[in-house]
file coords03.cif (mmCIF, C-alpha atoms)
data_target
#
loop_
_atom_site.label_atom_id
_atom_site.label_comp_id
_atom_site.auth_asym_id
_atom_site.auth_seq_id
_atom_site.Cartn_x
_atom_site.Cartn_y
_atom_site.Cartn_z
CA MET A 24 136.97 151.22 32.15
CA THR A 25 136.68 153.72 35.02
CA ARG A 26 139.88 154.33 36.97
CA VAL A 27 140.27 155.74 40.46
CA ASP A 28 142.02 158.75 38.86
CA ASP A 29 138.80 159.58 36.99
CA VAL A 30 137.00 160.24 40.28
CA SER A 31 137.88 163.02 42.71
CA ALA A 32 138.66 162.30 46.35
CA HIS A 33 135.48 164.17 47.27
CA GLU A 34 133.38 161.99 44.96
CA LEU A 35 134.97 158.84 46.35
CA ASP A 36 134.39 159.93 49.94
CA GLU A 37 130.79 160.73 49.06
CA GLY A 38 130.44 157.20 47.67
CA TYR A 39 131.74 155.73 50.91
CA ARG A 40 129.39 157.98 52.88
CA ARG A 41 126.39 156.87 50.82
CA ALA A 42 127.39 153.22 51.15
CA THR A 43 127.74 153.61 54.92
CA LEU A 44 124.33 155.24 55.30
CA ARG A 45 122.59 152.78 52.97
CA LEU A 46 124.18 149.51 54.05
CA ILE A 47 125.24 149.72 57.69
CA PRO A 48 121.85 150.50 59.32
CA PHE A 49 120.20 147.69 57.35
CA LEU A 50 122.95 145.19 58.15
CA VAL A 51 122.85 146.24 61.80
CA PHE A 52 119.09 145.64 61.83
CA LEU A 53 119.56 142.16 60.35
CA PHE A 54 122.20 141.24 62.89
CA ILE A 55 120.07 142.53 65.74
CA LEU A 56 117.37 140.09 64.62
CA ALA A 57 119.93 137.28 64.33
CA TRP A 58 121.42 138.04 67.75
CA ILE A 59 118.03 138.26 69.45
CA ASP A 60 116.92 134.96 67.91
CA ARG A 61 120.26 133.40 68.93
CA VAL A 62 120.32 134.51 72.57
CA ASN A 63 116.66 134.95 73.57
CA VAL A 64 116.93 131.46 74.99
CA GLY A 65 118.79 133.15 77.86
CA PHE A 66 115.58 134.97 78.81
CA ALA A 67 113.32 132.02 78.00
CA LYS A 68 115.43 130.02 80.45
CA LEU A 69 114.01 131.99 83.38
CA GLN A 70 110.73 130.06 83.02
CA MET A 71 111.40 127.43 80.38
CA LEU A 72 113.66 125.26 82.55
CA SER A 73 111.09 124.80 85.29
CA ASP A 74 108.26 124.16 82.79
CA LEU A 75 110.22 121.50 80.90
CA LYS A 76 112.20 120.16 83.92
CA PHE A 77 115.57 120.95 82.28
CA SER A 78 118.74 121.28 84.37
CA GLU A 79 121.20 124.17 84.12
CA ALA A 80 123.62 121.82 82.35
CA VAL A 81 120.96 120.91 79.77
CA TYR A 82 120.40 124.60 79.14
CA GLY A 83 124.14 125.28 78.83
CA PHE A 84 124.57 122.41 76.36
CA GLY A 85 121.55 123.50 74.33
CA ALA A 86 122.66 127.12 74.28
CA GLY A 87 126.13 126.09 73.16
CA ILE A 88 125.29 123.40 70.58
CA PHE A 89 124.16 126.24 68.32
CA PHE A 90 127.84 126.88 67.66
CA ILE A 91 128.54 123.31 66.52
CA GLY A 92 126.10 123.73 63.65
CA TYR A 93 127.53 127.20 63.09
CA PHE A 94 131.06 125.77 62.94
CA LEU A 95 130.24 123.02 60.44
CA PHE A 96 128.44 125.17 57.88
CA GLU A 97 130.09 128.57 58.10
CA VAL A 98 132.95 128.10 55.63
CA PRO A 99 130.71 126.52 52.93
CA SER A 100 128.24 129.39 53.36
CA ASN A 101 130.91 132.06 52.90
CA LEU A 102 132.43 130.35 49.87
CA LEU A 103 128.93 130.16 48.39
CA LEU A 104 128.43 133.88 49.06
CA GLU A 105 131.59 134.59 47.07
CA ARG A 106 130.01 132.70 44.13
CA ILE A 107 126.33 133.70 44.22
CA GLY A 108 126.42 137.03 46.06
CA ALA A 109 125.42 138.45 49.42
CA ARG A 110 121.78 139.18 48.56
CA LYS A 111 120.70 135.57 48.00
CA THR A 112 122.93 134.22 50.77
CA LEU A 113 121.80 136.64 53.49
CA ALA A 114 118.11 136.28 52.51
CA ARG A 115 118.32 132.48 52.84
CA ILE A 116 120.07 132.74 56.19
CA THR A 117 117.63 135.27 57.64
CA ILE A 118 114.45 133.41 56.69
CA LEU A 119 115.68 130.00 57.88
CA TRP A 120 116.93 131.23 61.26
CA GLY A 121 113.57 132.91 61.85
CA LEU A 122 111.74 129.64 61.23
CA ALA A 123 114.10 127.71 63.50
CA SER A 124 113.76 130.26 66.31
CA MET A 125 109.97 130.08 66.17
CA SER A 126 110.15 126.28 66.32
CA LEU A 127 111.77 126.48 69.76
CA ALA A 128 108.38 127.49 71.14
CA PHE A 129 107.16 123.92 70.68
CA VAL A 130 110.02 121.84 72.15
CA GLN A 131 109.05 119.36 74.85
CA SER A 132 112.21 117.28 75.31
CA GLU A 133 115.93 117.80 75.79
CA TRP A 134 116.74 116.23 72.42
CA ALA A 135 114.26 118.43 70.55
CA PHE A 136 115.83 121.43 72.28
CA TYR A 137 119.31 120.31 71.24
CA ALA A 138 118.23 119.55 67.65
CA ILE A 139 116.56 122.88 67.00
CA ARG A 140 119.37 124.86 68.60
CA PHE A 141 121.81 122.93 66.38
CA LEU A 142 119.72 123.73 63.29
CA LEU A 143 119.53 127.38 64.30
CA GLY A 144 123.33 127.40 64.19
CA VAL A 145 123.34 125.65 60.80
CA PHE A 146 120.92 128.19 59.35
CA GLU A 147 122.64 131.26 60.78
CA ALA A 148 126.09 130.01 59.76
CA GLY A 149 127.74 132.42 57.38
CA PHE A 150 125.82 135.56 58.35
CA PHE A 151 128.46 137.36 60.41
CA PRO A 152 131.53 136.37 58.34
CA GLY A 153 129.42 136.94 55.24
CA VAL A 154 128.81 140.55 56.25
CA VAL A 155 132.49 141.02 57.18
CA LEU A 156 133.43 139.73 53.71
CA TYR A 157 130.65 141.76 52.05
CA LEU A 158 131.97 144.99 53.55
CA THR A 159 135.40 144.30 51.99
CA TYR A 160 133.72 144.66 48.59
CA TRP A 161 132.80 148.25 49.43
CA PHE A 162 135.41 149.76 51.79
CA PRO A 163 139.24 149.83 51.71
CA SER A 164 141.25 148.53 54.65
CA ALA A 165 141.94 152.03 56.03
CA LYS A 166 138.23 152.45 56.74
CA ARG A 167 137.36 148.97 57.96
CA SER A 168 137.90 149.22 61.71
CA ARG A 169 135.38 152.06 61.86
CA ILE A 170 132.99 150.33 59.46
CA ASN A 171 133.33 147.02 61.32
CA GLY A 172 132.78 148.90 64.56
CA LEU A 173 129.60 150.52 63.24
CA PHE A 174 128.29 147.15 62.05
CA MET A 175 129.27 145.39 65.25
CA THR A 176 127.35 147.86 67.36
CA SER A 177 124.58 145.41 66.46
CA PHE A 178 125.98 143.10 69.20
CA ALA A 179 125.47 145.78 71.77
CA ILE A 180 122.28 147.30 70.36
CA ALA A 181 120.74 143.83 70.32
CA GLY A 182 121.53 143.58 74.03
CA VAL A 183 120.06 147.03 74.66
CA VAL A 184 116.88 146.31 72.68
CA GLY A 185 116.63 142.58 73.29
CA GLY A 186 116.70 142.69 77.07
CA PRO A 187 113.77 145.05 77.65
CA LEU A 188 111.80 143.52 74.76
CA ALA A 189 112.25 140.00 76.10
CA GLY A 190 111.41 141.21 79.59
CA LEU A 191 108.18 142.80 78.39
CA ILE A 192 107.12 139.70 76.46
CA MET A 193 108.01 137.39 79.34
CA GLY A 194 106.28 139.70 81.82
CA THR A 195 103.02 140.17 79.90
CA MET A 196 102.34 137.27 77.51
CA GLY A 197 102.24 134.29 79.91
CA GLY A 198 98.97 132.37 79.52
CA VAL A 199 97.81 134.17 76.35
CA ALA A 200 96.13 131.63 74.03
CA GLY A 201 97.16 128.93 76.51
CA MET A 202 100.88 129.32 75.84
CA ALA A 203 103.72 130.08 78.25
CA ASN A 204 105.58 133.39 78.16
CA TRP A 205 108.76 131.77 76.82
CA GLN A 206 106.82 130.25 73.92
CA TRP A 207 105.52 133.68 72.93
CA LEU A 208 109.07 135.01 73.20
CA PHE A 209 110.33 132.65 70.49
CA ILE A 210 107.32 133.21 68.23
CA LEU A 211 107.13 137.00 68.44
CA GLU A 212 110.88 137.46 68.05
CA GLY A 213 111.10 135.04 65.11
CA ILE A 214 108.42 136.63 62.88
CA PRO A 215 110.42 139.81 62.04
CA SER A 216 113.25 137.67 60.63
CA LEU A 217 110.92 136.18 58.02
CA ILE A 218 109.90 139.67 56.88
CA ALA A 219 113.51 140.89 56.91
CA GLY A 220 114.60 138.00 54.68
CA ALA A 221 112.23 139.20 51.97
CA ALA A 222 113.53 142.75 52.44
CA VAL A 223 117.10 141.56 51.79
CA LEU A 224 116.09 140.35 48.32
CA ALA A 225 114.48 143.69 47.53
CA PHE A 226 117.01 146.03 49.12
CA LEU A 227 120.58 144.72 49.27
CA PRO A 228 122.95 145.24 46.27
CA ASP A 229 125.68 142.61 45.85
CA ARG A 230 128.45 144.99 44.78
CA PRO A 231 128.91 148.74 44.25
CA LYS A 232 128.06 148.34 40.54
CA ASP A 233 124.60 147.03 41.54
CA ALA A 234 123.77 150.05 43.71
CA ARG A 235 121.33 152.36 41.92
CA TRP A 236 122.11 155.10 44.42
CA LEU A 237 125.77 155.35 43.32
CA GLU A 238 127.02 157.04 40.17
CA PRO A 239 128.48 154.33 37.90
CA LYS A 240 131.93 155.93 37.78
CA VAL A 241 132.03 156.23 41.59
CA ALA A 242 130.90 152.61 42.00
CA ALA A 243 133.60 151.47 39.59
CA ALA A 244 136.24 153.51 41.44
CA MET A 245 135.20 152.04 44.81
CA SER A 246 135.55 148.54 43.39
CA ALA A 247 138.89 149.43 41.81
CA VAL A 248 140.30 150.56 45.16
CA VAL A 249 139.51 147.30 46.97
CA GLU A 250 140.59 145.20 43.97
CA ALA A 251 143.94 147.00 43.92
CA GLU A 252 144.38 146.24 47.62
CA GLY A 253 143.63 142.59 46.92
CA ARG A 254 146.42 142.47 44.36
CA ALA A 255 148.89 144.13 46.74
CA ALA A 256 152.04 142.23 47.61
CA GLY A 257 151.71 140.05 50.64
CA LYS A 258 147.96 139.47 50.41
CA GLU A 259 147.07 135.83 49.94
CA ALA A 260 144.22 135.09 47.48
CA SER A 261 144.19 131.27 47.56
CA PHE A 262 142.04 129.67 50.27
CA LYS A 263 144.12 126.47 50.28
CA VAL A 264 147.35 128.42 50.72
CA ALA A 265 145.74 130.61 53.39
CA LEU A 266 144.85 127.53 55.44
CA ARG A 267 148.56 126.67 55.62
CA ASP A 268 149.35 130.13 57.00
CA GLY A 269 149.98 130.07 60.74
CA ARG A 270 148.62 133.59 61.02
CA VAL A 271 145.14 132.34 60.17
CA TRP A 272 145.20 129.74 62.95
CA LEU A 273 146.60 132.17 65.51
CA CYS A 274 143.78 134.54 64.61
CA ALA A 275 141.31 131.69 65.14
CA LEU A 276 142.74 130.96 68.61
CA ILE A 277 142.66 134.61 69.63
CA TYR A 278 139.11 134.95 68.38
CA PHE A 279 138.06 131.80 70.27
CA CYS A 280 139.18 133.46 73.49
CA ILE A 281 137.44 136.76 72.68
CA VAL A 282 134.17 135.07 71.73
CA SER A 283 134.07 133.11 74.98
CA GLY A 284 133.34 136.34 76.82
CA ASN A 285 130.74 137.48 74.30
CA ALA A 286 128.86 134.18 74.50
CA THR A 287 128.95 134.33 78.29
CA ILE A 288 127.40 137.77 78.58
CA ALA A 289 124.92 136.96 75.81
CA PHE A 290 123.56 133.74 77.30
CA TRP A 291 124.11 134.29 81.02
CA THR A 292 123.56 138.01 81.74
CA PRO A 293 119.86 137.50 82.65
CA SER A 294 120.77 134.62 84.98
CA ILE A 295 123.68 136.52 86.52
CA ILE A 296 121.41 139.51 87.20
CA LYS A 297 118.85 137.18 88.75
CA GLU A 298 121.61 135.52 90.81
CA ILE A 299 122.71 138.86 92.27
CA GLY A 300 119.20 139.31 93.64
CA VAL A 301 117.07 141.10 91.02
CA GLN A 302 113.54 139.73 90.66
CA GLY A 303 110.96 140.09 87.89
CA ALA A 304 111.42 139.51 84.15
CA ILE A 305 110.87 143.17 83.21
CA ALA A 306 113.40 144.48 85.74
CA ILE A 307 115.94 141.84 84.67
CA GLY A 308 115.37 142.73 81.02
CA PHE A 309 116.02 146.44 81.53
CA LEU A 310 119.06 145.89 83.74
CA ALA A 311 120.48 143.45 81.20
CA ALA A 312 120.63 146.36 78.74
CA VAL A 313 123.06 148.37 80.90
CA PRO A 314 126.28 146.42 80.05
CA PHE A 315 125.43 146.51 76.36
CA ILE A 316 124.83 150.27 76.33
CA ALA A 317 128.33 150.78 77.73
CA GLY A 318 129.70 148.19 75.30
CA THR A 319 128.14 150.00 72.32
CA ILE A 320 129.90 153.23 73.22
CA ALA A 321 133.22 151.44 73.75
CA MET A 322 132.92 149.53 70.47
CA VAL A 323 132.29 152.62 68.32
CA TRP A 324 135.01 154.65 70.06
CA THR A 325 137.61 151.88 69.82
CA GLY A 326 136.99 151.23 66.12
CA ALA A 327 137.19 154.93 65.26
CA HIS A 328 140.27 155.50 67.42
CA SER A 329 142.04 152.50 65.92
CA ASP A 330 141.44 153.80 62.39
CA ARG A 331 142.54 157.30 63.37
CA THR A 332 145.81 156.13 64.92
CA GLY A 333 146.43 153.19 62.58
CA GLU A 334 147.17 150.98 65.61
CA ARG A 335 145.45 147.59 65.93
CA ARG A 336 147.36 145.30 68.29
CA LEU A 337 147.23 147.32 71.52
CA HIS A 338 143.59 148.27 71.00
CA CYS A 339 142.61 144.60 70.76
CA ALA A 340 144.89 143.43 73.58
CA VAL A 341 143.88 146.10 76.09
CA ALA A 342 140.19 145.48 75.41
CA SER A 343 140.66 141.74 76.05
CA LEU A 344 142.50 142.39 79.31
CA ILE A 345 139.72 144.71 80.48
CA ALA A 346 137.23 141.94 79.64
CA ALA A 347 139.23 139.44 81.73
CA ALA A 348 139.31 141.76 84.72
CA GLY A 349 135.58 142.48 84.47
CA LEU A 350 134.56 138.83 84.24
CA ALA A 351 136.81 137.81 87.13
CA ALA A 352 135.44 140.65 89.25
CA THR A 353 131.86 139.64 88.40
CA GLY A 354 132.56 136.14 89.67
CA ALA A 355 134.16 137.45 92.85
CA LEU A 356 131.40 139.97 93.54
CA ILE A 357 128.40 137.82 92.63
CA GLY A 358 126.96 138.28 96.11
CA HIS A 359 127.09 142.09 95.92
CA ALA A 360 124.42 143.25 93.48
CA VAL A 361 125.57 146.75 92.55
CA LEU A 362 129.28 145.92 92.40
CA ALA A 363 128.64 142.76 90.39
CA LEU A 364 126.59 144.72 87.83
CA VAL A 365 129.38 147.31 87.57
CA ALA A 366 131.91 144.53 87.02
CA LEU A 367 129.70 142.90 84.39
CA THR A 368 129.46 146.26 82.62
CA VAL A 369 133.27 146.57 82.63
CA ALA A 370 133.46 143.07 81.15
CA ALA A 371 131.02 144.01 78.38
CA ILE A 372 133.04 147.13 77.57
CA GLY A 373 136.21 145.09 77.07
CA ILE A 374 134.56 142.20 75.23
CA LEU A 375 132.67 144.34 72.73
CA ALA A 376 135.52 146.80 72.17
CA ALA A 377 137.80 143.97 71.03
CA PHE A 378 135.65 142.86 68.10
CA PRO A 379 135.94 145.64 65.47
CA VAL A 380 139.69 145.96 65.88
CA PHE A 381 140.25 142.22 65.77
CA TRP A 382 138.49 141.91 62.41
CA SER A 383 140.74 144.53 60.83
CA LEU A 384 143.73 142.24 61.45
CA PRO A 385 143.19 139.18 59.19
CA GLN A 386 141.99 141.44 56.37
CA THR A 387 145.46 142.97 56.16
CA PHE A 388 146.98 139.77 54.74
CA LEU A 389 144.00 138.10 53.00
CA ALA A 390 142.11 138.86 49.80
CA GLY A 391 139.61 137.27 47.41
CA THR A 392 138.67 133.63 47.96
CA ALA A 393 141.28 133.41 50.72
CA ALA A 394 139.46 136.17 52.60
CA ALA A 395 136.08 134.50 52.03
CA GLY A 396 137.19 131.14 53.35
CA ALA A 397 139.70 132.18 55.99
CA ILE A 398 137.43 134.81 57.58
CA ALA A 399 134.72 132.15 57.82
CA ALA A 400 137.21 129.62 59.21
CA ILE A 401 138.47 132.07 61.85
CA ASN A 402 134.91 132.97 62.81
CA SER A 403 133.64 129.38 62.89
CA ILE A 404 136.56 128.07 64.96
CA GLY A 405 136.41 131.10 67.23
CA ASN A 406 132.69 130.65 67.73
CA LEU A 407 133.22 127.16 69.11
CA ALA A 408 133.83 129.16 72.28
CA GLY A 409 130.12 129.87 72.10
CA PHE A 410 129.61 126.18 72.83
CA VAL A 411 132.36 125.82 75.42
CA ALA A 412 131.76 128.94 77.54
CA PRO A 413 127.97 128.65 78.11
CA TYR A 414 128.33 124.93 78.87
CA VAL A 415 131.13 125.52 81.41
CA VAL A 416 129.12 128.27 83.13
CA GLY A 417 126.03 126.02 83.15
CA LEU A 418 128.03 123.12 84.54
CA SER A 419 129.44 125.43 87.21
CA ASN A 420 125.90 126.38 88.18
CA THR A 421 124.76 122.76 88.32
CA LEU A 422 127.73 121.54 90.36
CA THR A 423 128.29 124.48 92.70
CA GLY A 424 125.08 126.51 92.60
CA THR A 425 126.88 129.63 91.41
CA SER A 426 128.27 131.02 88.13
CA SER A 427 131.52 132.22 89.72
CA ASN A 428 133.84 129.38 88.73
CA GLY A 429 132.55 129.43 85.16
CA LEU A 430 133.16 133.18 85.00
CA TYR A 431 136.73 132.70 86.23
CA PHE A 432 137.31 130.17 83.44
CA VAL A 433 136.06 132.58 80.78
CA ALA A 434 138.11 135.41 82.32
CA GLY A 435 141.17 133.20 81.86
CA LEU A 436 140.39 132.81 78.16
CA GLU A 437 140.06 136.58 77.75
CA LEU A 438 143.39 137.02 79.54
CA LEU A 439 144.93 134.50 77.12
CA ALA A 440 143.56 136.50 74.17
CA GLY A 441 145.24 139.65 75.43
CA LEU A 442 148.54 137.88 76.05
CA LEU A 443 148.52 136.19 72.63
CA VAL A 444 148.01 139.50 70.87
CA LEU A 445 150.67 141.23 72.99
CA GLY A 446 153.26 138.49 73.11
CA PHE A 447 152.92 136.54 69.89
CA ALA A 448 151.32 138.87 67.35
CA ARG A 449 153.41 141.55 65.67
CA TRP A 450 151.15 143.43 63.30
CA ARG A 451 152.81 145.64 60.73
CA GLU A 452 150.16 148.07 59.53
CA GLY A 453 149.93 148.39 55.78
CA ALA A 454 149.49 146.16 52.76
CA SER A 455 151.43 143.28 54.31
CA THR A 456 151.14 142.04 57.86
CA ASP A 457 153.26 139.55 59.75
CA LEU A 458 152.04 137.49 62.62
CA ALA A 459 155.21 136.30 64.27
CA PRO A 460 156.76 136.24 67.73
CA ALA A 461 157.21 139.75 69.02
CA GLU A 462 160.74 141.03 69.19
#

call {"tool": "encode", "arguments": {"input": "coords03.cif", "output": "structure tokens"}}
result
Amino acid sequence: MTRVDDVSAHELDEGYRRATLRLIPFLVFLFILAWIDRVNVGFAKLQMLSDLKFSEAVYGFGAGIFFIGYFLFEVPSNLLLERIGARKTLARITILWGLASMSLAFVQSEWAFYAIRFLLGVFEAGFFPGVVLYLTYWFPSAKRSRINGLFMTSFAIAGVVGGPLAGLIMGTMGGVAGMANWQWLFILEGIPSLIAGAAVLAFLPDRPKDARWLEPKVAAAMSAVVEAEGRAAGKEASFKVALRDGRVWLCALIYFCIVSGNATIAFWTPSIIKEIGVQGAIAIGFLAAVPFIAGTIAMVWTGAHSDRTGERRLHCAVASLIAAAGLAATGALIGHAVLALVALTVAAIGILAAFPVFWSLPQTFLAGTAAAGAIAAINSIGNLAGFVAPYVVGLSNTLTGTSSNGLYFVAGLELLAGLLVLGFARWREGASTDLAPAE
């Protein structure tokens, strides 16, 4: 049996480098497809609502119900991944979400809209926490903030790519073959997911030992490192025991607050840009990319800086507080186009920067099946904010004619996230982590 001692530090680092270059770009590409298929309804909304006579509240409920399906099926999906492997699990997820997204092109009623959005959540459930879990098979905890940050640039890259792409489709495809521009949006952005699902089966190795591009002794050493961490004192391996750990539920609450901001900018950025006075789908699409470009830079820098310093708590808290300030300022400045866009960009910087550091926290006290189930539980509960936040913003629009009050509500949740991390979470970096009231 290969031991870590049998492999030099240089060989091990080269293994991590190869794994990063082989896995991260492909996983980022998959998540970009998932994110685009999840949030393109925000661009379709610009024309879809008037065509189908849907209200803003109907849109907000339909956008958010995705996360109910996501919530119900995420833990089972991640536990299944632990049993059958990432390759089969991620291929199933990718193909089914592509089919569901394409089906949205043919909805005619509110209930059909709700049903397909719900199914989209069911089918995508398990992808994000599955990748977070999958990366723990390859990289030790000391490298995970940076690796998570690299993977989670997919949030931001999807916003950078998705906005202009959706704008171009919406601006040029209306009336082609007798279909509306929003129908073409769902169809054309769903097809690549079907192709990508087949590529997962052909390309993605389940574990280091399955990677043909790694030397067997290096692959074994990489696995030995993460297995040794899993056996370290203080890391819980039982899912049932983990669910009785208050740290897991506090993580879920913090993540709920963080995700509320992400869902808001994902589903409402096109509408907010339109509300501040920008006209034309193509112009809206390109401007919608600006906050995500800034967020990408912030996400990568924060993840790398957190790994370099070994500090997690302040990185996550400060990012959440910046997000709160940006969202509140966006609501206050909604009538001033340039200032509102600047504020929205600040919000995106804080929201996206919080993600990679947050996900390094639960992994410091979870391992094995506990990690598989608890990461999925944290993500699924947290992502319920994806239902709450879009619906509140949509309701605000319906009742008051502006997004401002909804943005203030979401800013309050981001503020709560920052305060919870600062005031109630004491993270001791290392093999064991406590989540207890700060001294």

call {"tool": "closest_residue", "arguments": {"input": "coords03.cif", "among": "A:Val249, A:Val415, A:Val380, A:Leu344", "to": "Leu173 in chain A", "atoms": "all atoms listed in the file"}}
result
A:Val380

call {"tool": "residues_near_point", "arguments": {"input": "coords03.cif", "point": "(112.5, 142.5, 54.8)", "cutoff": "12 Å", "atoms": "only C-alpha atoms", "output": "ChimeraX atom specification"}}
result
/A:49-50,52-53,56,110,113-115,117-118,121,214-227

call {"tool": "residues_around", "arguments": {"input": "coords03.cif", "residues": "Ala306 in chain A", "least_positions_apart": "5", "cutoff": "9 Å", "atoms": "only C-alpha atoms", "output": "ChimeraX atom specification"}}
result
/A:187,190,301,311

call {"tool": "write_last_selection", "arguments": {"input": "coords03.cif", "atoms": "C-alpha atoms", "output": "short mmCIF file (atom, residue, chain, number, x, y, z; two decimals), in the frame of the given file"}}
result
data_model
loop_
_atom_site.label_atom_id
_atom_site.label_comp_id
_atom_site.auth_asym_id
_atom_site.auth_seq_id
_atom_site.Cartn_x
_atom_site.Cartn_y
_atom_site.Cartn_z
CA PRO A 187 113.77 145.05 77.65
CA GLY A 190 111.41 141.21 79.59
CA VAL A 301 117.07 141.10 91.02
CA ALA A 311 120.48 143.45 81.20
#

call {"tool": "resolve_selection", "arguments": {"input": "coords03.cif", "expression": "the PyMOL selection byres ((chain A and resi 92) around 6)", "output": "PyMOL selection string"}}
result
chain A and resi 89-91+93-95+141+144-145

call {"tool": "closest_residue", "arguments": {"input": "coords03.cif", "among": "A:Ala123, A:Ile316, A:Ser132, A:Leu356", "to": "Ile210 in chain A", "atoms": "all atoms listed in the file"}}
result
A:Ala123

call {"tool": "build_atoms", "arguments": {"input": "coords03.cif", "residues": "range 154-172 of chain A", "atoms": "N, CA and C atoms", "output": "PDB file, keeping the file's coordinate frame"}}
result
ATOM      1  N   VAL A 154     128.873 139.083  56.225  1.00  0.00           N
ATOM      2  CA  VAL A 154     128.810 140.550  56.250  1.00  0.00           C
ATOM      3  C   VAL A 154     130.219 141.134  56.303  1.00  0.00           C
ATOM      4  N   VAL A 155     131.105 140.537  57.118  1.00  0.00           N
ATOM      5  CA  VAL A 155     132.490 141.020  57.180  1.00  0.00           C
ATOM      6  C   VAL A 155     133.128 140.964  55.788  1.00  0.00           C
ATOM      7  N   LEU A 156     132.909 139.851  55.074  1.00  0.00           N
ATOM      8  CA  LEU A 156     133.430 139.730  53.710  1.00  0.00           C
ATOM      9  C   LEU A 156     132.746 140.733  52.784  1.00  0.00           C
ATOM     10  N   TYR A 157     131.436 140.851  52.895  1.00  0.00           N
ATOM     11  CA  TYR A 157     130.650 141.760  52.050  1.00  0.00           C
ATOM     12  C   TYR A 157     131.159 143.195  52.158  1.00  0.00           C
ATOM     13  N   LEU A 158     131.496 143.620  53.354  1.00  0.00           N
ATOM     14  CA  LEU A 158     131.970 144.990  53.550  1.00  0.00           C
ATOM     15  C   LEU A 158     133.335 145.218  52.888  1.00  0.00           C
ATOM     16  N   THR A 159     134.121 144.140  52.695  1.00  0.00           N
ATOM     17  CA  THR A 159     135.400 144.300  51.990  1.00  0.00           C
ATOM     18  C   THR A 159     135.199 144.580  50.517  1.00  0.00           C
ATOM     19  N   TYR A 160     134.008 144.314  49.975  1.00  0.00           N
ATOM     20  CA  TYR A 160     133.720 144.660  48.590  1.00  0.00           C
ATOM     21  C   TYR A 160     133.499 146.164  48.405  1.00  0.00           C
ATOM     22  N   TRP A 161     133.221 146.852  49.497  1.00  0.00           N
ATOM     23  CA  TRP A 161     132.800 148.250  49.430  1.00  0.00           C
ATOM     24  C   TRP A 161     133.823 149.223  50.008  1.00  0.00           C
ATOM     25  N   PHE A 162     134.564 148.809  51.045  1.00  0.00           N
ATOM     26  CA  PHE A 162     135.410 149.760  51.790  1.00  0.00           C
ATOM     27  C   PHE A 162     136.858 149.286  51.806  1.00  0.00           C
ATOM     28  N   PRO A 163     137.820 150.204  51.621  1.00  0.00           N
ATOM     29  CA  PRO A 163     139.240 149.830  51.710  1.00  0.00           C
ATOM     30  C   PRO A 163     139.651 149.578  53.151  1.00  0.00           C
ATOM     31  N   SER A 164     140.808 148.968  53.321  1.00  0.00           N
ATOM     32  CA  SER A 164     141.250 148.530  54.650  1.00  0.00           C
ATOM     33  C   SER A 164     141.376 149.699  55.627  1.00  0.00           C
ATOM     34  N   ALA A 165     141.744 150.886  55.135  1.00  0.00           N
ATOM     35  CA  ALA A 165     141.940 152.030  56.030  1.00  0.00           C
ATOM     36  C   ALA A 165     140.650 152.450  56.716  1.00  0.00           C
ATOM     37  N   LYS A 166     139.516 152.055  56.174  1.00  0.00           N
ATOM     38  CA  LYS A 166     138.230 152.450  56.740  1.00  0.00           C
ATOM     39  C   LYS A 166     137.531 151.317  57.486  1.00  0.00           C
ATOM     40  N   ARG A 167     138.135 150.133  57.530  1.00  0.00           N
ATOM     41  CA  ARG A 167     137.360 148.970  57.960  1.00  0.00           C
ATOM     42  C   ARG A 167     137.187 148.830  59.452  1.00  0.00           C
ATOM     43  N   SER A 168     138.113 149.322  60.260  1.00  0.00           N
ATOM     44  CA  SER A 168     137.900 149.220  61.710  1.00  0.00           C
ATOM     45  C   SER A 168     136.663 150.027  62.106  1.00  0.00           C
ATOM     46  N   ARG A 169     136.553 151.240  61.541  1.00  0.00           N
ATOM     47  CA  ARG A 169     135.380 152.060  61.860  1.00  0.00           C
ATOM     48  C   ARG A 169     134.108 151.435  61.305  1.00  0.00           C
ATOM     49  N   ILE A 170     134.174 150.947  60.067  1.00  0.00           N
ATOM     50  CA  ILE A 170     132.990 150.330  59.460  1.00  0.00           C
ATOM     51  C   ILE A 170     132.612 149.067  60.205  1.00  0.00           C
ATOM     52  N   ASN A 171     133.610 148.222  60.531  1.00  0.00           N
ATOM     53  CA  ASN A 171     133.330 147.020  61.320  1.00  0.00           C
ATOM     54  C   ASN A 171     132.737 147.402  62.677  1.00  0.00           C
ATOM     55  N   GLY A 172     133.291 148.460  63.268  1.00  0.00           N
ATOM     56  CA  GLY A 172     132.780 148.900  64.560  1.00  0.00           C
ATOM     57  C   GLY A 172     131.336 149.338  64.484  1.00  0.00           C
TER      58      GLY A 172
END
